[in-house]
$ cat target_4.pdb   # PDB, C-alpha atoms
ATOM      1  CA  MET E   1     -24.615 -17.401   4.704
ATOM      2  CA  SER E   2     -26.997 -17.265   1.751
ATOM      3  CA  ARG E   3     -26.453 -14.078  -0.245
ATOM      4  CA  ALA E   4     -29.175 -12.440  -2.300
ATOM      5  CA  PHE E   5     -27.697  -9.991  -4.776
ATOM      6  CA  LEU E   6     -29.554  -7.221  -6.588
ATOM      7  CA  GLN E   7     -31.941  -7.898  -9.442
ATOM      8  CA  CYS E   8     -33.174  -5.516 -12.143
ATOM      9  CA  ASP E   9     -36.524  -4.943 -10.397
ATOM     10  CA  ASP E  10     -34.705  -3.642  -7.305
ATOM     11  CA  LEU E  11     -33.476  -0.652  -9.309
ATOM     12  CA  HIS E  12     -36.733   0.316 -11.031
ATOM     13  CA  ASP E  13     -37.182   3.626  -9.194
ATOM     14  CA  LEU E  14     -33.488   4.504  -9.370
ATOM     15  CA  VAL E  15     -33.441   4.059 -13.154
ATOM     16  CA  ILE E  16     -36.549   6.210 -13.605
ATOM     17  CA  GLU E  17     -35.178   8.993 -11.417
ATOM     18  CA  GLN E  18     -31.717   8.990 -12.934
ATOM     19  CA  PHE E  19     -32.387   8.179 -16.587
ATOM     20  CA  GLY E  20     -36.089   8.923 -17.174
ATOM     21  CA  SER E  21     -39.283   6.911 -17.425
ATOM     22  CA  ASP E  22     -38.790   6.252 -21.139
ATOM     23  CA  ARG E  23     -35.708   4.086 -20.535
ATOM     24  CA  ARG E  24     -35.498   0.566 -19.187
ATOM     25  CA  LEU E  25     -32.829  -1.410 -17.409
ATOM     26  CA  LEU E  26     -31.925  -4.230 -19.778
ATOM     27  CA  THR E  27     -29.315  -6.136 -17.761
ATOM     28  CA  LEU E  28     -27.704  -5.931 -14.331
ATOM     29  CA  ASP E  29     -24.359  -7.694 -13.964
ATOM     30  CA  ARG E  30     -22.558  -8.093 -10.647
ATOM     31  CA  LEU E  31     -18.881  -7.643 -11.434
ATOM     32  CA  THR E  32     -16.288  -9.948  -9.914
ATOM     33  CA  GLY E  33     -13.317  -8.852  -7.827
ATOM     34  CA  GLY E  34     -15.006  -6.811  -5.121
ATOM     35  CA  THR E  35     -14.885  -8.148  -1.573
ATOM     36  CA  LYS E  36     -16.157  -5.191   0.491
ATOM     37  CA  LYS E  37     -18.918  -3.702  -1.643
ATOM     38  CA  GLY E  38     -21.143  -4.821  -4.481
ATOM     39  CA  VAL E  39     -20.185  -3.524  -7.917
ATOM     40  CA  TYR E  40     -22.797  -3.787 -10.677
ATOM     41  CA  ARG E  41     -22.892  -2.727 -14.322
ATOM     42  CA  LEU E  42     -26.249  -1.358 -15.441
ATOM     43  CA  THR E  43     -27.015  -1.641 -19.167
ATOM     44  CA  LEU E  44     -30.039   0.283 -20.420
ATOM     45  CA  ASP E  45     -32.170  -0.513 -23.445
ATOM     46  CA  ASP E  46     -30.290   2.113 -25.485
ATOM     47  CA  ARG E  47     -26.988   0.378 -24.504
ATOM     48  CA  ALA E  48     -25.938   3.225 -22.217
ATOM     49  CA  THR E  49     -24.171   1.905 -19.119
ATOM     50  CA  ALA E  50     -23.295   2.979 -15.591
ATOM     51  CA  ILE E  51     -21.665   1.378 -12.557
ATOM     52  CA  LEU E  52     -23.436   0.996  -9.215
ATOM     53  CA  TYR E  53     -21.592   0.649  -5.903
ATOM     54  CA  VAL E  54     -23.562  -0.867  -3.039
ATOM     55  CA  TRP E  55     -22.287  -0.826   0.549
ATOM     56  CA  ALA E  56     -24.266  -3.451   2.444
ATOM     57  CA  ALA E  57     -23.465  -6.302   4.822
ATOM     58  CA  SER E  58     -24.752  -8.804   2.266
ATOM     59  CA  GLU E  59     -22.205  -7.532  -0.290
ATOM     60  CA  SER E  60     -19.112  -7.752   1.956
ATOM     61  CA  TYR E  61     -17.243 -10.990   2.504
ATOM     62  CA  TRP E  62     -14.948  -9.648   5.221
ATOM     63  CA  PRO E  63     -15.338 -10.724   8.854
ATOM     64  CA  PRO E  64     -14.193  -8.292  11.579
ATOM     65  CA  ALA E  65     -10.510  -7.364  11.497
ATOM     66  CA  PRO E  66      -7.944  -6.951  14.254
ATOM     67  CA  MET E  67      -8.114  -3.255  15.112
ATOM     68  CA  VAL E  68      -5.356  -0.691  15.537
ATOM     69  CA  PRO E  69      -7.168   2.508  16.551
ATOM     70  CA  ASP E  70      -5.288   5.045  14.393
ATOM     71  CA  ASP E  71      -4.511   2.746  11.461
ATOM     72  CA  PRO E  72      -5.909   4.589   8.404
ATOM     73  CA  PHE E  73      -6.060   1.409   6.318
ATOM     74  CA  THR E  74      -8.330  -0.632   8.595
ATOM     75  CA  ASP E  75     -12.057  -0.643   7.748
ATOM     76  CA  ALA E  76     -11.412   1.478   4.657
ATOM     77  CA  ASP E  77     -14.926   0.978   3.390
ATOM     78  CA  GLY E  78     -18.203   2.854   3.066
ATOM     79  CA  ALA E  79     -19.988   5.628   1.191
ATOM     80  CA  ASP E  80     -18.692   8.392   3.475
ATOM     81  CA  LEU E  81     -15.073   7.415   2.804
ATOM     82  CA  PHE E  82     -15.833   7.079  -0.905
ATOM     83  CA  ALA E  83     -17.362  10.565  -1.070
ATOM     84  CA  ALA E  84     -14.460  12.198   0.786
ATOM     85  CA  ALA E  85     -11.884  10.338  -1.306
ATOM     86  CA  HIS E  86     -13.565  11.224  -4.587
ATOM     87  CA  LYS E  87     -13.628  14.899  -3.640
ATOM     88  CA  ALA E  88      -9.931  14.830  -2.725
ATOM     89  CA  LEU E  89      -8.969  13.143  -5.998
ATOM     90  CA  VAL E  90     -10.952  15.600  -8.087
ATOM     91  CA  GLU E  91      -9.360  18.533  -6.243
ATOM     92  CA  ALA E  92      -5.904  17.052  -6.935
ATOM     93  CA  SER E  93      -6.763  16.485 -10.645
ATOM     94  CA  ILE E  94      -6.426  12.711 -10.295
ATOM     95  CA  PRO E  95      -8.563  10.831 -12.858
ATOM     96  CA  THR E  96     -11.310   8.697 -11.345
ATOM     97  CA  PRO E  97     -14.828   7.883 -12.634
ATOM     98  CA  ASP E  98     -17.347  10.708 -12.253
ATOM     99  CA  VAL E  99     -20.087  10.352  -9.648
ATOM    100  CA  LEU E 100     -23.612  10.546 -11.090
ATOM    101  CA  LEU E 101     -25.515   9.936  -7.852
ATOM    102  CA  LEU E 102     -24.583   9.422  -4.211
ATOM    103  CA  ASP E 103     -27.407   8.231  -1.961
ATOM    104  CA  ARG E 104     -26.645   7.814   1.736
ATOM    105  CA  GLY E 105     -30.290   8.290   2.713
ATOM    106  CA  HIS E 106     -31.446   4.837   1.520
ATOM    107  CA  ARG E 107     -34.051   6.342  -0.812
ATOM    108  CA  HIS E 108     -33.609   3.604  -3.400
ATOM    109  CA  LEU E 109     -32.146   0.618  -1.534
ATOM    110  CA  ASP E 110     -31.649  -0.410   2.063
ATOM    111  CA  ALA E 111     -27.997   0.497   1.645
ATOM    112  CA  ASP E 112     -25.704   3.371   0.777
ATOM    113  CA  ILE E 113     -25.118   3.531  -2.972
ATOM    114  CA  ALA E 114     -23.196   5.476  -5.582
ATOM    115  CA  LEU E 115     -23.913   5.516  -9.288
ATOM    116  CA  VAL E 116     -20.765   6.351 -11.234
ATOM    117  CA  GLU E 117     -19.563   6.732 -14.778
ATOM    118  CA  ASP E 118     -18.771   3.481 -16.550
ATOM    119  CA  ALA E 119     -15.138   3.942 -17.576
ATOM    120  CA  GLY E 120     -15.108   0.585 -19.360
ATOM    121  CA  SER E 121     -14.102  -2.942 -18.489
ATOM    122  CA  LEU E 122     -10.433  -2.781 -19.522
ATOM    123  CA  ARG E 123      -8.198  -2.891 -16.477
ATOM    124  CA  LEU E 124      -4.551  -1.912 -16.620
ATOM    125  CA  GLU E 125      -3.739  -5.410 -15.379
ATOM    126  CA  SER E 126      -5.179  -6.923 -18.559
ATOM    127  CA  GLN E 127      -3.653  -4.255 -20.798
ATOM    128  CA  MET E 128      -0.189  -4.919 -19.360
ATOM    129  CA  GLU E 129      -0.585  -8.606 -20.176
ATOM    130  CA  ASN E 130      -2.132  -8.297 -23.652
ATOM    131  CA  ASP E 131      -0.998  -4.955 -25.084
ATOM    132  CA  PRO E 132       2.329  -3.883 -23.564
ATOM    133  CA  VAL E 133       2.837  -1.016 -26.025
ATOM    134  CA  SER E 134      -0.422   0.679 -25.033
ATOM    135  CA  ALA E 135       0.187  -0.247 -21.399
ATOM    136  CA  ALA E 136       3.462   1.665 -21.423
ATOM    137  CA  ILE E 137       1.565   4.820 -22.388
ATOM    138  CA  THR E 138      -1.032   4.198 -19.670
ATOM    139  CA  LEU E 139       1.686   3.584 -17.086
ATOM    140  CA  THR E 140       3.325   6.906 -17.948
ATOM    141  CA  ALA E 141       0.018   8.724 -17.486
ATOM    142  CA  LEU E 142      -0.619   6.850 -14.240
ATOM    143  CA  GLY E 143       2.849   7.822 -13.024
ATOM    144  CA  ASP E 144       2.032  11.482 -13.702
ATOM    145  CA  ALA E 145      -1.147  11.143 -11.633
ATOM    146  CA  LEU E 146       0.683   9.386  -8.802
ATOM    147  CA  ARG E 147       3.331  12.091  -8.619
ATOM    148  CA  ARG E 148       0.538  14.660  -8.240
ATOM    149  CA  MET E 149      -0.959  12.541  -5.473
ATOM    150  CA  HIS E 150       2.328  11.982  -3.694
ATOM    151  CA  THR E 151       3.151  15.688  -3.703
ATOM    152  CA  THR E 152      -0.301  16.665  -2.393
ATOM    153  CA  LEU E 153       0.464  17.105   1.293
ATOM    154  CA  GLY E 154      -1.813  16.928   4.313
ATOM    155  CA  PRO E 155      -1.457  18.243   7.873
ATOM    156  CA  ARG E 156      -1.542  14.797   9.515
ATOM    157  CA  TYR E 157      -1.947  11.161   8.622
ATOM    158  CA  GLY E 158      -5.307   9.442   8.470
ATOM    159  CA  LYS E 159      -8.351   8.716   6.335
ATOM    160  CA  ILE E 160      -9.447  11.674   4.242
ATOM    161  CA  ALA E 161     -12.762  12.058   6.058
ATOM    162  CA  ALA E 162     -11.065  11.858   9.471
ATOM    163  CA  ILE E 163      -8.570  14.599   8.594
ATOM    164  CA  SER E 164     -11.324  17.150   8.085
ATOM    165  CA  ASP E 165     -13.462  15.945  10.986
ATOM    166  CA  ASP E 166     -10.763  15.737  13.675
ATOM    167  CA  PRO E 167      -8.171  18.534  13.888
ATOM    168  CA  THR E 168      -6.521  17.034  17.006
ATOM    169  CA  PRO E 169      -2.708  17.021  16.676
ATOM    170  CA  GLN E 170      -1.106  13.581  16.481
ATOM    171  CA  THR E 171       1.671  12.474  18.790
ATOM    172  CA  ARG E 172       2.256   8.892  17.563
ATOM    173  CA  PRO E 173       4.548   8.634  14.502
ATOM    174  CA  ALA E 174       3.126   6.893  11.451
ATOM    175  CA  GLN E 175       5.719   4.109  11.620
ATOM    176  CA  ASP E 176       4.580   3.251  15.146
ATOM    177  CA  VAL E 177       1.071   2.683  13.837
ATOM    178  CA  ILE E 178       2.448   0.261  11.254
ATOM    179  CA  LEU E 179       4.535  -1.494  13.921
ATOM    180  CA  GLU E 180       1.426  -2.210  15.983
ATOM    181  CA  ARG E 181      -0.499  -3.157  12.851
ATOM    182  CA  ALA E 182       2.173  -5.626  11.732
ATOM    183  CA  LEU E 183       2.438  -7.298  15.143
ATOM    184  CA  THR E 184      -1.357  -7.461  15.395
ATOM    185  CA  HIS E 185      -1.534  -9.200  12.020
ATOM    186  CA  LEU E 186       1.179 -11.631  13.079
ATOM    187  CA  ASP E 187      -0.643 -12.435  16.334
ATOM    188  CA  ALA E 188      -3.883 -13.059  14.408
ATOM    189  CA  ALA E 189      -2.302 -15.184  11.674
ATOM    190  CA  ALA E 190       0.019 -17.345  13.786
ATOM    191  CA  PRO E 191      -2.751 -19.533  15.274
ATOM    192  CA  ARG E 192      -3.886 -20.354  11.715
ATOM    193  CA  ASP E 193      -0.497 -21.658  10.532
ATOM    194  CA  SER E 194       1.998 -23.694  12.554
ATOM    195  CA  ARG E 195       4.983 -22.309  10.641
ATOM    196  CA  LEU E 196       4.077 -18.771  11.691
ATOM    197  CA  ALA E 197       3.467 -19.923  15.243
ATOM    198  CA  ASP E 198       6.905 -21.552  15.397
ATOM    199  CA  ALA E 199       8.613 -18.475  13.912
ATOM    200  CA  HIS E 200       6.514 -15.903  15.802
ATOM    201  CA  HIS E 201       9.302 -14.507  17.970
ATOM    202  CA  HIS E 202      11.791 -14.414  15.110
ATOM    203  CA  ILE E 203       9.343 -12.588  12.819
ATOM    204  CA  ALA E 204       8.329 -10.148  15.569
ATOM    205  CA  ASP E 205      11.995  -9.369  16.275
ATOM    206  CA  HIS E 206      12.572  -8.758  12.557
ATOM    207  CA  VAL E 207       9.609  -6.355  12.458
ATOM    208  CA  ARG E 208      11.025  -4.435  15.418
ATOM    209  CA  ARG E 209      14.498  -4.256  13.837
ATOM    210  CA  LEU E 210      13.061  -2.822  10.638
ATOM    211  CA  HIS E 211      11.018  -0.320  12.650
ATOM    212  CA  ALA E 212      14.056   0.770  14.676
ATOM    213  CA  ALA E 213      15.909   1.717  11.481
ATOM    214  CA  VAL E 214      13.216   4.224  10.446
ATOM    215  CA  THR E 215      14.133   7.843  11.180
ATOM    216  CA  PRO E 216      11.479  10.337  12.361
ATOM    217  CA  ARG E 217       9.497  12.238   9.726
ATOM    218  CA  ARG E 218       6.136  13.998   9.717
ATOM    219  CA  THR E 219       5.373  14.688   6.068
ATOM    220  CA  TYR E 220       2.246  12.988   4.745
ATOM    221  CA  ALA E 221       0.889  12.846   1.206
ATOM    222  CA  LEU E 222      -2.174  11.522  -0.561
ATOM    223  CA  VAL E 223      -2.011   7.736  -1.075
ATOM    224  CA  HIS E 224      -4.476   5.196  -2.437
ATOM    225  CA  GLY E 225      -3.481   2.558   0.090
ATOM    226  CA  GLU E 226      -3.475  -0.602  -2.053
ATOM    227  CA  LEU E 227      -3.095   0.515  -5.652
ATOM    228  CA  GLY E 228      -2.456  -2.264  -8.137
ATOM    229  CA  PRO E 229      -3.089  -2.592 -11.877
ATOM    230  CA  ASP E 230      -6.460  -4.166 -11.059
ATOM    231  CA  HIS E 231      -7.475  -0.861  -9.429
ATOM    232  CA  VAL E 232      -6.887   1.143 -12.613
ATOM    233  CA  LEU E 233      -9.378   1.238 -15.474
ATOM    234  CA  VAL E 234      -8.252   2.310 -18.932
ATOM    235  CA  ALA E 235     -10.886   4.579 -20.458
ATOM    236  CA  ALA E 236     -11.642   4.653 -24.192
ATOM    237  CA  THR E 237      -9.452   7.755 -24.392
ATOM    238  CA  GLY E 238      -6.521   5.772 -22.969
ATOM    239  CA  GLU E 239      -6.640   7.733 -19.715
ATOM    240  CA  PRO E 240      -6.147   5.700 -16.525
ATOM    241  CA  ARG E 241      -8.974   5.990 -13.984
ATOM    242  CA  ILE E 242      -8.261   5.026 -10.388
ATOM    243  CA  ILE E 243     -10.997   3.015  -8.642
ATOM    244  CA  ASP E 244     -11.603   1.345  -5.249
ATOM    245  CA  ILE E 245     -10.721   4.634  -3.596
ATOM    246  CA  GLU E 246     -12.288   4.272  -0.135
ATOM    247  CA  GLY E 247      -8.858   3.667   1.422
ATOM    248  CA  LEU E 248      -7.511   7.036   0.244
ATOM    249  CA  ALA E 249      -5.546   8.624   3.073
ATOM    250  CA  TYR E 250      -2.748  10.969   3.970
ATOM    251  CA  PHE E 251       0.214   8.848   4.936
ATOM    252  CA  ASP E 252       3.864   8.128   4.208
ATOM    253  CA  ILE E 253       4.390   7.694   0.473
ATOM    254  CA  GLU E 254       6.553   4.652   1.220
ATOM    255  CA  TRP E 255       3.408   2.736   2.175
ATOM    256  CA  GLU E 256       2.090   3.304  -1.350
ATOM    257  CA  HIS E 257       5.366   2.527  -3.053
ATOM    258  CA  ALA E 258       5.915  -0.710  -1.159
ATOM    259  CA  TRP E 259       2.541  -1.803  -2.537
ATOM    260  CA  LEU E 260       3.268  -0.456  -6.042
ATOM    261  CA  GLN E 261       6.587  -2.300  -6.199
ATOM    262  CA  MET E 262       4.887  -5.545  -5.245
ATOM    263  CA  ARG E 263       1.894  -5.199  -7.592
ATOM    264  CA  PHE E 264       3.558  -3.649 -10.649
ATOM    265  CA  ASP E 265       6.788  -5.649 -10.345
ATOM    266  CA  ASP E 266       8.960  -5.097 -13.447
ATOM    267  CA  ALA E 267       6.643  -2.330 -14.685
ATOM    268  CA  TYR E 268       7.146  -0.245 -11.528
ATOM    269  CA  PRO E 269      10.002   1.885 -12.986
ATOM    270  CA  HIS E 270       7.660   2.984 -15.803
ATOM    271  CA  LEU E 271       5.705   4.935 -13.175
ATOM    272  CA  GLN E 272       8.797   7.149 -12.683
ATOM    273  CA  PRO E 273       8.200   7.171  -8.916
ATOM    274  CA  VAL E 274       9.152   9.903  -6.496
ATOM    275  CA  GLN E 275      12.118   9.277  -4.217
ATOM    276  CA  CYS E 276      11.454   7.147  -1.126
ATOM    277  CA  ASP E 277      13.302   6.532   2.123
ATOM    278  CA  PRO E 278      14.732   2.986   1.759
ATOM    279  CA  ASP E 279      14.486   2.038   5.464
ATOM    280  CA  ARG E 280      10.863   3.147   5.730
ATOM    281  CA  LEU E 281      10.103   1.437   2.424
ATOM    282  CA  GLU E 282      11.551  -1.892   3.566
ATOM    283  CA  PHE E 283       9.733  -1.773   6.904
ATOM    284  CA  TYR E 284       6.411  -1.069   5.206
ATOM    285  CA  ARG E 285       7.060  -3.771   2.599
ATOM    286  CA  TYR E 286       7.456  -6.416   5.301
ATOM    287  CA  ALA E 287       4.419  -5.121   7.209
ATOM    288  CA  GLN E 288       2.366  -5.552   4.048
ATOM    289  CA  VAL E 289       3.604  -9.133   3.713
ATOM    290  CA  LEU E 290       2.116  -9.875   7.142
ATOM    291  CA  SER E 291      -1.105  -8.104   6.154
ATOM    292  CA  LEU E 292      -1.324 -10.277   3.043
ATOM    293  CA  ILE E 293      -1.163 -13.354   5.236
ATOM    294  CA  GLU E 294      -3.653 -12.321   7.908
ATOM    295  CA  GLY E 295      -6.283 -10.870   5.554
ATOM    296  CA  PRO E 296      -6.430 -13.755   3.056
ATOM    297  CA  LEU E 297      -6.477 -16.390   5.828
ATOM    298  CA  ARG E 298      -9.324 -14.509   7.519
ATOM    299  CA  ILE E 299     -11.487 -14.159   4.399
ATOM    300  CA  ALA E 300     -10.735 -17.762   3.384
ATOM    301  CA  GLY E 301     -12.751 -18.808   6.438
ATOM    302  CA  THR E 302     -15.894 -17.227   4.957
ATOM    303  CA  ASP E 303     -18.093 -18.049   1.960
ATOM    304  CA  PHE E 304     -15.857 -16.008  -0.351
ATOM    305  CA  PRO E 305     -16.223 -17.752  -3.730
ATOM    306  CA  ASN E 306     -12.526 -17.815  -4.670
ATOM    307  CA  ARG E 307     -11.199 -19.212  -1.390
ATOM    308  CA  GLN E 308      -8.272 -21.080  -2.958
ATOM    309  CA  TRP E 309      -6.937 -17.875  -4.515
ATOM    310  CA  MET E 310      -6.817 -16.304  -1.066
ATOM    311  CA  LEU E 311      -5.080 -19.352   0.408
ATOM    312  CA  ASP E 312      -2.500 -19.254  -2.390
ATOM    313  CA  LEU E 313      -1.903 -15.546  -1.739
ATOM    314  CA  ALA E 314      -1.390 -16.236   1.961
ATOM    315  CA  GLU E 315       0.998 -19.100   1.165
ATOM    316  CA  TRP E 316       3.056 -16.887  -1.144
ATOM    317  CA  ASN E 317       3.441 -14.315   1.602
ATOM    318  CA  ILE E 318       4.115 -16.863   4.356
ATOM    319  CA  THR E 319       7.163 -17.886   2.324
ATOM    320  CA  LYS E 320       8.245 -14.232   2.189
ATOM    321  CA  ALA E 321       7.660 -13.713   5.916
ATOM    322  CA  LEU E 322       9.755 -16.729   6.833
ATOM    323  CA  ASP E 323      12.601 -15.619   4.557
ATOM    324  CA  THR E 324      14.186 -13.247   7.081
ATOM    325  CA  PRO E 325      17.820 -12.902   8.226
TER     326      PRO E 325
END

$ encode --input "target_4.pdb" --output "structure tokens"
Amino acid sequence: MSRAFLQCDDLHDLVIEQFGSDRRLLTLDRLTGGTKKGVYRLTLDDRATAILYVWAASESYWPPAPMVPDDPFTDADGADLFAAAHKALVEASIPTPDVLLLDRGHRHLDADIALVEDAGSLRLESQMENDPVSAAITLTALGDALRRMHTTLGPRYGKIAAISDDPTPQTRPAQDVILERALTHLDAAAPRDSRLADAHHHIADHVRRLHAAVTPRRTYALVHGELGPDHVLVAATGEPRIIDIEGLAYFDIEWEHAWLQMRFDDAYPHLQPVQCDPDRLEFYRYAQVLSLIEGPLRIAGTDFPNRQWMLDLAEWNITKALDTP
């Protein structure tokens, strides 16, 4: 498909309303890395900046996903989820960029938008690579924030917005949701790779063995869902700011820590993580491996501009998936 991204003229009325008629939008830069929403940096003629999120079909590269009805991490996208997640993070004293404007009425664009504080362009990922001394301080502060998140408990698992909208008690354990999710991802990915197709039964049996080892538990805490060092901005003050928050949910903390271990690798201990159940952690880790095959293979079939990166990510995780007892 041919994608037409925003231009400065598209934001004329928004800039006047938010910043005043005496200021002008100098540049509008679409930032790289986003796959579900458009992320733009606005620079005004006085060099003030802000970040614009745009939720529109033309901004998302993702085709439809295999659905598991009560999976809180499927379709974690949209202004409603962003608004609910931001509120929950603020209430839990978790640092995230301030919201300047949230427009779900399409007053300015034919899309839901949020204008948020520009916390800078330095991501923790880059800081860890280029300035490990400063990164160690940031990681400690991030660990403090994560412990507050992972001790903020909810009554049931699910997306933040769904928790408040639907008080119905749950009967299906969280690990059963992940079992169905993992097998669904395997079923969707196997036709795209002959190695997965050949090993389908072996992988599915391994998933079920890991699931069977998980003991019952119904304690759910606030989790980001896919937090990596690329989802943490380092503000000028040195404070970490968590972004890409639409997937915020109440769920097992092991889901978060399986992801943190993978993304932070050797730096993970610097987060001083809370204690996790090892069986649940290992089951969720393997389920995420299957997710990181299915998702990248699916988006690689679109016009996503960095297709090879997604194929390489899928290949890395195919190797992991096949490396089972």

$ closest_residue --input "target_4.pdb" --among "E:Phe73, E:Pro269, E:Asp98, E:Asp303" --to "Gln288 in chain E" --atoms "only C-alpha atoms"
E:Phe73

$ atom_distance --input "target_4.pdb" --atom1 "CA of His231 in chain E" --atom2 "CA of Glu294 in chain E"
21.1 Å

$ resolve_selection --input "target_4.pdb" --expression "the PyMOL selection byres ((chain E and resi 77-87) around 7)" --output "list in words"
Lys36, Trp55, Asp75, Ala76, Ala88, Leu89, Val90, Glu91, Asp112, Ile113, Ile160, Ala161, Ile245, Glu246, Gly247 and Leu248 of chain E

$ resolve_selection --input "target_4.pdb" --expression "the PyMOL selection byres ((chain E and resi 23-27) around 6)" --output "JSON, numbers by chain"
{"E": [20, 21, 22, 28, 43, 44, 45]}

$ atom_distance --input "target_4.pdb" --atom1 "CA of Val116 in chain E" --atom2 "CA of Leu102 in chain E"
8.6 Å

$ residues_near_point --input "target_4.pdb" --point "(-10.7, -3.7, -22.6)" --cutoff "7 Å" --atoms "all atoms listed in the file" --output "number ranges by chain"
E: 120-123

$ resolve_selection --input "target_4.pdb" --expression "the PyMOL selection byres ((chain E and resi 251) around 8)" --output "PyMOL selection string"
chain E and resi 156-158+174+219-223+249-250+252-253+255
